[in-house]
Amino acid sequence: MPTRRDFLRRSAIGLAASGVSGLWLRADEAPTEHSGDLGTYGQYLKEQPAPPRRDAPGGLAPTEDNILGPFHRKGAPFRAKITPPLEPGKVLLISGRVWGHDSRKPLENAVMDIWQANSEGRYDNDDPSHPPAKDVFQNRARLVTDESGYYEYETVHPGAYQIAPNVWRPSHIHYWVRCRGYQDLITQLYFKGDPRNDTDTFIKKSLIIALAAQKTRGGTYEAGSFDIVLAADK
């Protein structure tokens with residue numbers, strides 16, 4: 001099946017071939033109007049208390065590393081949704097901040113590679129006989145932290161998978177975090193209550209987070225927080 005990226009690329013090629021690659025705004029087009037100032041909301045906003053300050057996590061020890069694994073791919077697109085549209089599985093929202101161990105302050109513009117298995121425990125590149133197309137990335141993306149070190153992404157709860165007879169890996173999400181002035185961190189995120197956590201030889205307890213069920217009009221989803229602390233360059 002063609003991807004959305006294929007469709008857009010073909011559309012661009014078609015436009016160029018038809019001689020409409022140079023697009024111009026109509027001469028009589030007016031600038032889009034703004035919606036005004038705060039208006040009647042102004043006083044309401046002034047009366048609201050300031051949001052609580054998010055301080056660095058207690059102890060602020062550098063986040064423990066974890067194995068890279070065999071399924072990382074370079075060049076994933078920058079987007080806030082890890083999975084393709086309508087991906088089956090329990091919807092999961094992960095958020096957090098990236099901190100500097102030396103400064104005890106959040107780090108903006110940290111680049112994060114995120115990749116995982118789907119809800120059935122399959123990666124998009126785990127079958128050598130059917131590799132993914134070079135420009136198709138499923139269940140993987142890159143993100144950049146904002147000015148407060150914050151990141152957030154939507155995905156589905158990854159499935160466990162078998163790596164040897166009677167050997168299973170618990171549900172987990174891979175991270176590769178990079179920020180100027182700090183050491184790269186390759187690690188994984190695990191979930192409290194997973195029955196396979198106790199038998200996994202790679203897991204580290206500090207990387208396990210709890211999830212909470214959240215209700216919306218359309219149903220429920222899981223939400224969790226995972227802060228990352230980077231060690232300064234040596």
# chains A, B, ... in the order shown; residues from 1 in each chain; ligands from 1
>>> residues_around(residues="A:Pro77", least_positions_apart="3", cutoff="8 Å", atoms="only C-alpha atoms", output="PyMOL selection string")
chain A and resi 137+141-142
>>> residues_around(residues="A:Asp102", least_positions_apart="3", cutoff="9 Å", atoms="only C-alpha atoms", output="PyMOL selection string")
chain A and resi 99+105+230-232
>>> closest_residue(among="A:Glu87, A:Glu152, A:Asp184, A:Asp146", to="A:Asp233", atoms="only C-alpha atoms")
A:Asp184
>>> residues_around(residues="A:Lys192", least_positions_apart="5", cutoff="10 Å", atoms="only C-alpha atoms", output="list in words")
Ser171, Asn197, Lys205, Leu207, Ile208, Ile209, Ala210 and Leu211 of chain A
>>> closest_residue(among="A:Val156, A:Val111, A:Asp194, A:His172", to="A:Leu86", atoms="only C-alpha atoms")
A:Val156
>>> select_by_dssp(residues="stretch 62-206 of chain A", states="strand (DSSP E)", output="ChimeraX atom specification")
/A:91-100,111-116,140-144,150-156,161-164,167-169,172-178,185-191
>>> residues_around(residues="A:Arg196", least_positions_apart="2", cutoff="9 Å", atoms="only C-alpha atoms", output="ChimeraX atom specification")
/A:160,168-171,193-194,198-200
>>> residues_around(residues="A:Ala213", least_positions_apart="6", cutoff="9 Å", atoms="only C-alpha atoms", output="ChimeraX atom specification")
/A:220-223
